[in-house]
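J.: Have a peek at my_file-v3.cif (mmCIF, C-alpha atoms).
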data_work
loop_
_atom_site.label_atom_id
_atom_site.label_comp_id
_atom_site.auth_asym_id
_atom_site.auth_seq_id
_atom_site.Cartn_x
_atom_site.Cartn_y
_atom_site.Cartn_z
CA MET Z 1 0.00 0.00 0.00
CA ARG Z 2 1.32 3.55 -0.94
CA LYS Z 3 1.68 6.32 1.67
CA PRO Z 4 -0.02 9.73 1.16
CA THR Z 5 2.27 12.33 -0.37
CA PRO Z 6 3.27 15.66 1.42
CA ILE Z 7 1.84 17.69 -1.45
CA LEU Z 8 -1.70 16.38 -0.88
CA VAL Z 9 -1.53 17.25 2.83
CA SER Z 10 -0.27 20.84 2.19
CA ILE Z 11 -3.07 21.61 -0.26
CA THR Z 12 -5.67 20.51 2.24
CA VAL Z 13 -4.26 22.79 5.02
CA LEU Z 14 -4.08 25.91 2.78
CA PHE Z 15 -7.72 25.41 1.72
CA LEU Z 16 -8.93 25.38 5.30
CA VAL Z 17 -6.94 28.61 6.23
CA SER Z 18 -8.43 30.50 3.29
CA LEU Z 19 -11.92 29.70 4.39
CA ALA Z 20 -11.27 31.03 7.87
CA CYS Z 21 -9.99 34.44 6.53
CA ALA Z 22 -12.91 34.91 4.13
CA THR Z 23 -15.59 34.87 6.86
CA PRO Z 24 -14.37 37.22 9.64
CA ASN Z 25 -17.81 37.90 11.09
CA LEU Z 26 -18.56 34.20 11.76
CA PRO Z 27 -17.34 32.61 14.94
CA ALA Z 28 -14.33 30.49 14.40
CA PRO Z 29 -15.23 26.83 14.33
CA THR Z 30 -13.70 24.50 16.71
CA GLN Z 31 -11.36 22.33 14.76
CA ASP Z 32 -11.72 18.62 15.32
CA ALA Z 33 -8.34 17.31 16.18
CA ASN Z 34 -9.20 14.04 14.46
CA PHE Z 35 -10.61 15.64 11.33
CA LEU Z 36 -7.36 15.72 9.38
CA GLY Z 37 -6.50 12.21 10.23
CA THR Z 38 -9.99 11.01 9.32
CA ALA Z 39 -9.87 12.75 5.93
CA ILE Z 40 -6.44 11.40 5.18
CA MET Z 41 -7.48 7.88 6.15
CA ALA Z 42 -10.65 8.09 3.99
CA THR Z 43 -8.58 9.21 1.02
CA MET Z 44 -6.09 6.44 1.56
CA ALA Z 45 -8.87 3.81 1.91
CA SER Z 46 -10.50 4.99 -1.34
CA GLY Z 47 -7.23 4.77 -3.22
CA ALA Z 48 -6.44 1.41 -1.81
CA THR Z 49 -9.87 0.08 -2.80
CA GLN Z 50 -9.58 1.37 -6.33
CA THR Z 51 -6.08 -0.06 -6.69
CA ALA Z 52 -7.04 -3.46 -5.24
CA ALA Z 53 -9.85 -3.89 -7.72
CA ALA Z 54 -7.41 -3.55 -10.62
CA VAL Z 55 -4.42 -5.51 -9.31
CA VAL Z 56 -4.31 -9.31 -9.25
CA PRO Z 57 -1.55 -10.80 -7.15
CA PRO Z 58 0.96 -12.73 -9.24
CA SER Z 59 0.45 -15.90 -7.31
CA ALA Z 60 -3.36 -15.88 -7.60
CA THR Z 61 -5.18 -18.04 -10.16
CA VAL Z 62 -8.55 -17.01 -11.56
CA VAL Z 63 -10.91 -19.99 -11.27
CA SER Z 64 -14.15 -19.96 -13.17
CA PRO Z 65 -17.10 -21.22 -11.18
CA THR Z 66 -17.96 -24.83 -11.99
CA PRO Z 67 -21.36 -25.02 -13.66
CA TRP Z 68 -24.02 -27.34 -12.25
CA PRO Z 69 -24.18 -30.70 -14.08
CA THR Z 70 -26.77 -30.81 -16.81
CA PHE Z 71 -29.44 -33.60 -16.43
CA THR Z 72 -30.28 -35.41 -19.60
CA PRO Z 73 -33.49 -37.49 -19.28
CA VAL Z 74 -33.18 -41.16 -20.15
CA PRO Z 75 -35.52 -42.13 -22.96
CA PRO Z 76 -38.22 -44.62 -21.92
CA LEU Z 77 -37.79 -48.27 -22.67
CA ALA Z 78 -38.94 -49.25 -26.09
CA THR Z 79 -42.33 -51.04 -26.18
CA PHE Z 80 -42.86 -54.12 -28.31
CA THR Z 81 -45.73 -53.97 -30.75
CA PRO Z 82 -46.46 -57.35 -32.37
CA SER Z 83 -46.52 -57.27 -36.09
CA ALA Z 84 -49.94 -57.66 -37.65
CA SER Z 85 -48.47 -60.13 -40.11
CA PRO Z 86 -45.78 -62.28 -38.52
CA SER Z 87 -42.92 -62.93 -40.85
CA ALA Z 88 -42.40 -66.48 -39.66
CA THR Z 89 -45.10 -69.14 -39.67
CA SER Z 90 -44.98 -72.58 -38.15
CA SER Z 91 -46.92 -75.70 -38.99
CA PRO Z 92 -49.32 -76.92 -36.26
CA THR Z 93 -48.12 -79.87 -34.30
CA ALA Z 94 -50.52 -82.81 -34.18
CA THR Z 95 -51.59 -83.71 -30.66
CA ALA Z 96 -53.47 -86.76 -29.47
CA THR Z 97 -57.09 -86.14 -28.38
CA SER Z 98 -58.07 -88.02 -25.25
CA THR Z 99 -61.50 -89.55 -24.78
CA SER Z 100 -63.90 -87.26 -22.92
CA LEU Z 101 -64.04 -87.94 -19.21
CA VAL Z 102 -67.61 -86.64 -18.99
CA PRO Z 103 -69.96 -89.64 -18.64
CA LEU Z 104 -72.48 -89.75 -21.48
CA ILE Z 105 -75.48 -92.00 -21.98
CA SER Z 106 -77.39 -93.24 -25.02
CA VAL Z 107 -80.16 -95.79 -25.50
CA SER Z 108 -81.05 -98.47 -28.04
CA VAL Z 109 -84.79 -98.11 -27.29
CA PRO Z 110 -86.62 -94.82 -26.53
CA THR Z 111 -86.72 -94.57 -22.73
CA ASN Z 112 -88.76 -92.34 -20.44
CA CYS Z 113 -87.04 -90.03 -17.99
CA ARG Z 114 -88.78 -89.52 -14.63
CA THR Z 115 -88.58 -87.55 -11.41
CA GLY Z 116 -87.38 -90.69 -9.63
CA PRO Z 117 -86.02 -94.18 -10.36
CA GLY Z 118 -89.25 -96.04 -11.11
CA LYS Z 119 -92.53 -95.96 -13.00
CA ILE Z 120 -94.31 -94.64 -9.94
CA TYR Z 121 -92.60 -91.26 -10.51
CA ASP Z 122 -93.88 -88.69 -12.98
CA ARG Z 123 -92.54 -88.68 -16.51
CA VAL Z 124 -90.73 -85.42 -17.33
CA GLY Z 125 -88.91 -86.32 -20.53
CA ALA Z 126 -87.42 -89.07 -22.65
CA LEU Z 127 -84.13 -90.06 -24.26
CA LEU Z 128 -84.56 -91.13 -27.87
CA VAL Z 129 -82.39 -93.37 -30.01
CA GLY Z 130 -79.51 -91.33 -31.42
CA GLU Z 131 -79.56 -88.77 -28.61
CA VAL Z 132 -76.83 -88.38 -25.98
CA ALA Z 133 -77.19 -86.93 -22.48
CA GLU Z 134 -74.75 -86.13 -19.68
CA VAL Z 135 -74.78 -88.45 -16.66
CA VAL Z 136 -74.32 -86.81 -13.25
CA GLY Z 137 -75.18 -89.65 -10.84
CA ARG Z 138 -76.79 -93.04 -10.26
CA ASN Z 139 -78.92 -94.87 -7.71
CA ALA Z 140 -77.54 -97.34 -5.19
CA THR Z 141 -78.43 -100.43 -7.23
CA GLY Z 142 -77.01 -99.00 -10.45
CA ASN Z 143 -80.06 -99.69 -12.60
CA TYR Z 144 -81.09 -96.02 -12.92
CA TRP Z 145 -78.95 -93.10 -14.06
CA TYR Z 146 -79.45 -89.49 -13.00
CA ILE Z 147 -78.98 -87.46 -16.18
CA ARG Z 148 -79.42 -83.99 -17.59
CA ASN Z 149 -82.94 -83.88 -19.00
CA PRO Z 150 -82.74 -83.95 -22.82
CA ARG Z 151 -85.98 -81.92 -23.00
CA GLN Z 152 -85.05 -79.43 -20.27
CA PRO Z 153 -81.32 -78.52 -20.39
CA ASN Z 154 -81.50 -76.92 -16.93
CA GLY Z 155 -83.33 -79.89 -15.37
CA PHE Z 156 -82.45 -83.45 -14.40
CA CYS Z 157 -84.28 -86.77 -14.38
CA TRP Z 158 -83.85 -90.51 -13.77
CA LEU Z 159 -83.36 -92.85 -16.74
CA TRP Z 160 -83.81 -96.63 -16.63
CA GLY Z 161 -80.57 -98.37 -17.59
CA GLU Z 162 -82.04 -101.47 -19.24
CA TYR Z 163 -81.42 -100.21 -22.77
CA ALA Z 164 -78.72 -97.68 -21.93
CA THR Z 165 -75.00 -97.50 -22.74
CA VAL Z 166 -72.75 -95.27 -20.64
CA THR Z 167 -69.34 -94.05 -21.79
CA GLY Z 168 -66.67 -91.92 -20.11
CA ASN Z 169 -65.54 -91.86 -16.50
CA PHE Z 170 -68.73 -93.17 -14.85
CA ALA Z 171 -67.02 -95.20 -12.13
CA ALA Z 172 -66.62 -92.11 -9.92
CA LEU Z 173 -70.24 -90.95 -10.26
CA PRO Z 174 -71.91 -90.09 -6.95
CA VAL Z 175 -74.79 -92.18 -5.62
CA PHE Z 176 -77.92 -90.06 -5.27
CA THR Z 177 -80.75 -90.77 -2.88
CA PRO Z 178 -84.04 -90.84 -4.81
CA PRO Z 179 -86.79 -88.41 -3.81
CA PRO Z 180 -89.59 -89.74 -1.59
CA THR Z 181 -92.06 -91.96 -3.40
CA PRO Z 182 -94.96 -89.78 -4.46
CA THR Z 183 -98.45 -90.63 -3.34
CA PRO Z 184 -99.83 -92.52 -6.35
CA VAL Z 185 -102.74 -90.93 -8.14
CA PRO Z 186 -105.01 -93.24 -10.18
CA ASN Z 187 -105.68 -92.28 -13.75
CA PHE Z 188 -106.15 -93.97 -17.10
CA ARG Z 189 -107.12 -93.31 -20.70
CA ALA Z 190 -109.66 -95.33 -22.71
CA VAL Z 191 -110.43 -95.39 -26.46
CA TYR Z 192 -112.56 -97.57 -28.70
CA ALA Z 193 -110.39 -100.13 -30.51
CA SER Z 194 -112.47 -102.57 -32.57
CA ARG Z 195 -115.50 -104.85 -32.82
CA GLU Z 196 -115.24 -108.64 -32.31
CA THR Z 197 -117.71 -111.48 -32.96
CA CYS Z 198 -118.02 -115.24 -32.26
CA ASN Z 199 -121.07 -117.57 -32.38
CA ASN Z 200 -123.61 -114.80 -33.00
CA ARG Z 201 -122.31 -112.70 -30.19
CA TRP Z 202 -120.75 -109.25 -30.68
CA TRP Z 203 -118.65 -107.09 -28.36
CA VAL Z 204 -116.28 -104.15 -28.51
CA ASP Z 205 -112.64 -103.95 -27.46
CA ILE Z 206 -111.48 -100.97 -25.37
CA ARG Z 207 -107.83 -99.99 -25.25
CA LEU Z 208 -106.79 -98.94 -21.72
CA ARG Z 209 -103.61 -97.20 -20.69
CA ASN Z 210 -102.69 -96.64 -17.06
CA THR Z 211 -101.46 -93.01 -17.00
CA GLY Z 212 -101.35 -92.73 -13.19
CA GLY Z 213 -99.01 -94.05 -10.54
CA MET Z 214 -101.38 -96.66 -9.11
CA GLU Z 215 -101.80 -100.29 -10.13
CA PHE Z 216 -105.35 -101.39 -11.04
CA GLN Z 217 -106.54 -104.88 -10.04
CA SER Z 218 -110.21 -104.92 -11.05
CA ILE Z 219 -112.47 -103.52 -13.77
CA SER Z 220 -116.17 -102.80 -14.29
CA LEU Z 221 -117.52 -102.08 -17.80
CA VAL Z 222 -121.05 -100.95 -18.65
CA VAL Z 223 -121.91 -100.47 -22.35
CA ARG Z 224 -125.14 -98.82 -23.52
CA ASP Z 225 -126.32 -98.94 -27.14
CA LEU Z 226 -127.75 -95.45 -27.63
CA THR Z 227 -129.47 -96.56 -30.83
CA THR Z 228 -131.47 -99.44 -29.24
CA ASP Z 229 -131.07 -98.44 -25.58
CA VAL Z 230 -129.76 -101.89 -24.74
CA VAL Z 231 -127.32 -102.13 -21.82
CA VAL Z 232 -124.76 -104.89 -21.18
CA SER Z 233 -122.29 -105.00 -18.27
CA MET Z 234 -119.51 -107.04 -16.69
CA SER Z 235 -116.94 -106.84 -13.85
CA SER Z 236 -113.76 -108.84 -13.34
CA ASP Z 237 -110.56 -109.11 -11.35
CA VAL Z 238 -108.63 -109.81 -14.56
CA PHE Z 239 -108.11 -107.78 -17.71
CA ALA Z 240 -109.07 -110.13 -20.56
CA ASN Z 241 -108.85 -109.74 -24.32
CA VAL Z 242 -111.01 -112.19 -26.30
CA ASP Z 243 -109.73 -112.56 -29.86
CA GLY Z 244 -112.91 -113.67 -31.60
CA CYS Z 245 -113.30 -117.41 -31.36
CA LEU Z 246 -109.53 -118.01 -31.30
CA SER Z 247 -108.11 -117.26 -27.86
CA THR Z 248 -108.35 -115.26 -24.68
CA GLU Z 249 -105.43 -113.42 -23.07
CA SER Z 250 -105.69 -112.24 -19.47
CA ARG Z 251 -103.64 -110.11 -17.07
CA ASP Z 252 -104.16 -109.87 -13.31
CA ALA Z 253 -103.41 -106.17 -13.12
CA LEU Z 254 -102.95 -103.03 -15.16
CA LEU Z 255 -99.61 -101.61 -14.09
CA PRO Z 256 -98.62 -97.94 -14.31
CA ASP Z 257 -97.88 -96.92 -17.91
CA ALA Z 258 -99.07 -100.32 -19.17
CA ILE Z 259 -101.44 -100.68 -22.13
CA ARG Z 260 -104.10 -103.43 -22.30
CA LEU Z 261 -106.82 -104.34 -24.76
CA VAL Z 262 -109.96 -105.34 -22.81
CA SER Z 263 -113.08 -106.99 -24.30
CA GLY Z 264 -116.46 -105.71 -23.15
CA PRO Z 265 -119.69 -107.60 -22.46
CA ALA Z 266 -121.35 -109.16 -25.54
CA PHE Z 267 -124.52 -108.14 -27.37
CA THR Z 268 -126.86 -110.78 -28.86
CA TYR Z 269 -127.12 -108.72 -32.06
CA ASN Z 270 -124.71 -106.92 -34.34
CA PRO Z 271 -124.27 -103.29 -33.12
CA THR Z 272 -122.24 -102.23 -36.16
CA GLY Z 273 -123.06 -98.64 -37.11
CA HIS Z 274 -124.66 -97.95 -33.73
CA VAL Z 275 -123.50 -95.28 -31.30
CA LEU Z 276 -122.39 -96.74 -27.99
CA ARG Z 277 -121.43 -95.23 -24.66
CA ALA Z 278 -119.09 -97.13 -22.36
CA ARG Z 279 -118.51 -96.40 -18.67
CA ILE Z 280 -115.24 -97.93 -17.41
CA THR Z 281 -114.33 -98.12 -13.73
CA LEU Z 282 -110.87 -99.26 -12.62
CA CYS Z 283 -110.04 -99.97 -8.95
CA SER Z 284 -106.82 -100.53 -7.06
CA GLY Z 285 -108.21 -103.54 -5.22
CA GLU Z 286 -109.97 -106.72 -6.28
CA GLY Z 287 -113.77 -106.88 -6.30
CA GLN Z 288 -114.07 -103.17 -7.14
CA ASN Z 289 -112.44 -102.15 -3.86
CA GLY Z 290 -109.74 -99.72 -2.94
CA MET Z 291 -109.29 -96.46 -4.82
CA CYS Z 292 -111.41 -96.35 -7.99
CA ILE Z 293 -111.69 -93.99 -10.95
CA THR Z 294 -114.32 -93.92 -13.72
CA LYS Z 295 -114.14 -92.68 -17.32
CA THR Z 296 -116.89 -92.51 -19.97
CA ILE Z 297 -116.35 -92.63 -23.75
CA LYS Z 298 -118.75 -92.39 -26.69
CA PHE Z 299 -118.13 -93.88 -30.13
CA ARG Z 300 -119.67 -95.41 -33.25
CA VAL Z 301 -119.12 -99.14 -33.88
CA VAL Z 302 -117.12 -99.84 -37.05
CA PRO Z 303 -116.30 -103.47 -37.95
CA GLY Z 304 -112.67 -104.34 -37.88
CA SER Z 305 -111.58 -100.80 -36.96
CA ASP Z 306 -108.77 -100.01 -34.58
#
Go through the file and emit its structure as structure tokens.
T.:
Amino acid sequence: MRKPTPILVSITVLFLVSLACATPNLPAPTQDANFLGTAIMATMASGATQTAAAVVPPSATVVSPTPWPTFTPVPPLATFTPSASPSATSSPTATATSTSLVPLISVSVPTNCRTGPGKIYDRVGALLVGEVAEVVGRNATGNYWYIRNPRQPNGFCWLWGEYATVTGNFAALPVFTPPPTPTPVPNFRAVYASRETCNNRWWVDIRLRNTGGMEFQSISLVVRDLTTDVVVSMSSDVFANVDGCLSTESRDALLPDAIRLVSGPAFTYNPTGHVLRARITLCSGEGQNGMCITKTIKFRVVPGSD
């Protein structure tokens, strides 16, 4: 640092003395003993500051500030888009197809499907020849199969296995307990079948079908000729079919779903062309006992008709 020169100090002192002589009427100011030193020091500090700003020490090295690192974002991973038309194609490899493990059933004779394993249960469908149904269970004796109803895809029914063939994994099928046996309701259907004759006696044959769940063991048949008003009647504990003068076939009972041809009482004249009315009563017990039901049909007699 440079020291203040004597010339600068002398000029400052002469300036102050001239001011004091120019204003005689003003009281002389009290001179601050430190004023000169303070002014000199301020002048020296200003010069030193100006000089320091321009002078760089020989040993100093100018260092530029290090810039902050620049962040370059990493591009996202590439996504794979399958080609609409693959360039390479491969031939399919043949694989062996195993037999279905789902048990399936078919029949050689059309078979009814019921709500339970037996004729006493209501019929709700049938499996026909050529059809296939899924098997989901069986009964304890293995003679009935519990299948998906061919007529109701969301329902199930019991199929008799007499004419059935089951394929697939049926060994593991569960054994189902049948529903309680329904209370049998007697019912039947009757239609005129034909006229028969032997030794100047004439009668009509009535075809009966047991459409209920009860077995019938006796029959009563009353036939009125509406043309001549002649009435003939009979009752029996058997269901007999008289084939003219040739033979007679009898059954002790009319089972559920069974069909029987029954011969009525004979007229002593030929009723061909006449209108007849037949009242048929079937009973669950012999001698017209038990639970009975009666049906009446009306028809015209035609020889040899069925």
J.: Expand the PyMOL selection byres ((chain Z and resi 223-233) around 10) into the individual residues it matches in the shown file, reporting them as a compact mmCIF listing (two decimals) with C-alpha atoms, keeping the file's coordinate frame.
T.:
# COMPACT_ATOMS: atom_id res chain seq x y z
CA TRP Z 203 -118.65 -107.09 -28.36
CA VAL Z 204 -116.28 -104.15 -28.51
CA SER Z 220 -116.17 -102.80 -14.29
CA LEU Z 221 -117.52 -102.08 -17.80
CA VAL Z 222 -121.05 -100.95 -18.65
CA MET Z 234 -119.51 -107.04 -16.69
CA SER Z 235 -116.94 -106.84 -13.85
CA GLY Z 264 -116.46 -105.71 -23.15
CA PRO Z 265 -119.69 -107.60 -22.46
CA ALA Z 266 -121.35 -109.16 -25.54
CA PHE Z 267 -124.52 -108.14 -27.37
CA THR Z 268 -126.86 -110.78 -28.86
CA PRO Z 271 -124.27 -103.29 -33.12
CA GLY Z 273 -123.06 -98.64 -37.11
CA HIS Z 274 -124.66 -97.95 -33.73
CA VAL Z 275 -123.50 -95.28 -31.30
CA LEU Z 276 -122.39 -96.74 -27.99
CA ARG Z 277 -121.43 -95.23 -24.66
CA ALA Z 278 -119.09 -97.13 -22.36
CA ARG Z 279 -118.51 -96.40 -18.67
CA ILE Z 280 -115.24 -97.93 -17.41
CA THR Z 296 -116.89 -92.51 -19.97
CA ILE Z 297 -116.35 -92.63 -23.75
CA LYS Z 298 -118.75 -92.39 -26.69
CA ARG Z 300 -119.67 -95.41 -33.25
CA VAL Z 301 -119.12 -99.14 -33.88
J.: Of the candidates Z:Asn139, Z:Thr272, Z:Asn187, Z:Asn200, which shows the shortest atom-to-atom distance to Ser284 (chain Z), using all atoms listed in the file?
T.: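 Distance minimum relative to Ser284 (chain Z) lands on Z:Asn187.
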J.: For the atom pair CA of Asp237 (chain Z) and CA of Ser218 (chain Z), what is the interatomic distance in Å to one decimal place?
T.: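 Those two atoms sit 4.2 Å apart.
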J.: Might you spell out which residues the PyMOL selection byres ((chain Z and resi 239) around 6) would select in the displayed file, as a list in words?
T.: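 Going through the file, the PyMOL selection byres ((chain Z and resi 239) around 6) ends up selecting Val238, Ala240, Ser250, Arg251 and Val262 of chain Z.
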J.: Residues within 10 Å of Arg138 (chain Z), please, as a list of chain:residue names. Count only C-alpha atoms; anything in the same chain fewer than 4 positions from it doesn't count.
T.: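 Residues meeting the cut-off are Z:Pro117, Z:Gly142, Z:Asn143, Z:Tyr144, Z:Trp145, Z:Tyr146, Z:Ile147, Z:Trp158, Z:Leu159, Z:Gly161, Z:Phe170, Z:Leu173, Z:Pro174, Z:Val175, Z:Phe176, Z:Thr177, Z:Pro178.
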J.: Would you mind telling me which residue in Z:Ser236, Z:Thr181, Z:Gln152, Z:Thr248 lies nearest to Ile120 (chain Z) when using only C-alpha atoms?
T.: Z:Thr181
J.: Just the number, please: distance in Å from CA of Phe188 (chain Z) to CA of Ile293 (chain Z), one decimal.
T.: 8.3 Å
J.: Rank Z:Glu196, Z:Glu131, Z:Asp257, Z:Asp243 by their smallest atom-to-atom distance to Met214 (chain Z), using all atoms listed in the file, and report the top residue only.
T.: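 Smallest separation from Met214 (chain Z) among the options: Z:Asp257.
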J.: Do you have the CA of Asn112 (chain Z)-CA of Asn241 (chain Z) distance handy?
T.: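 About the pair CA of Asn112 (chain Z) and CA of Asn241 (chain Z): they are 26.9 Å apart.
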J.: Which of these residues is nearest to Trp202 (chain Z), using all atoms listed in the file: Z:Val242, Z:Met291, Z:Ala171, Z:Ala133?
T.: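 Of all the options, Z:Val242 lies closest to Trp202 (chain Z).
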J.: Using only C-alpha atoms, determine which residues lie at most 10 Å from Pro182 (chain Z), disregarding the query and same-chain residues fewer than 3 positions distant; provide the list as number ranges by chain.
T.: Z: 115-116, 120-122, 179, 185, 213
J.: With C-alpha atoms retained, write the just-selected residues as an mmCIF file, in the coordinates of the input.
T.:
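Saved as part29.cif:
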data_model
loop_
_atom_site.group_PDB
_atom_site.id
_atom_site.type_symbol
_atom_site.label_atom_id
_atom_site.label_comp_id
_atom_site.auth_asym_id
_atom_site.auth_seq_id
_atom_site.Cartn_x
_atom_site.Cartn_y
_atom_site.Cartn_z
ATOM 1 C CA THR Z 115 -88.580 -87.550 -11.410
ATOM 2 C CA GLY Z 116 -87.380 -90.690 -9.630
ATOM 3 C CA ILE Z 120 -94.310 -94.640 -9.940
ATOM 4 C CA TYR Z 121 -92.600 -91.260 -10.510
ATOM 5 C CA ASP Z 122 -93.880 -88.690 -12.980
ATOM 6 C CA PRO Z 179 -86.790 -88.410 -3.810
ATOM 7 C CA VAL Z 185 -102.740 -90.930 -8.140
ATOM 8 C CA GLY Z 213 -99.010 -94.050 -10.540
#
J.: Evaluated on this file, the PyMOL selection byres ((chain Z and resi 292) around 8) picks out some residues - which ones are they, written as a ChimeraX atom specification?
T.: /Z:186,281-284,288-291,293-294
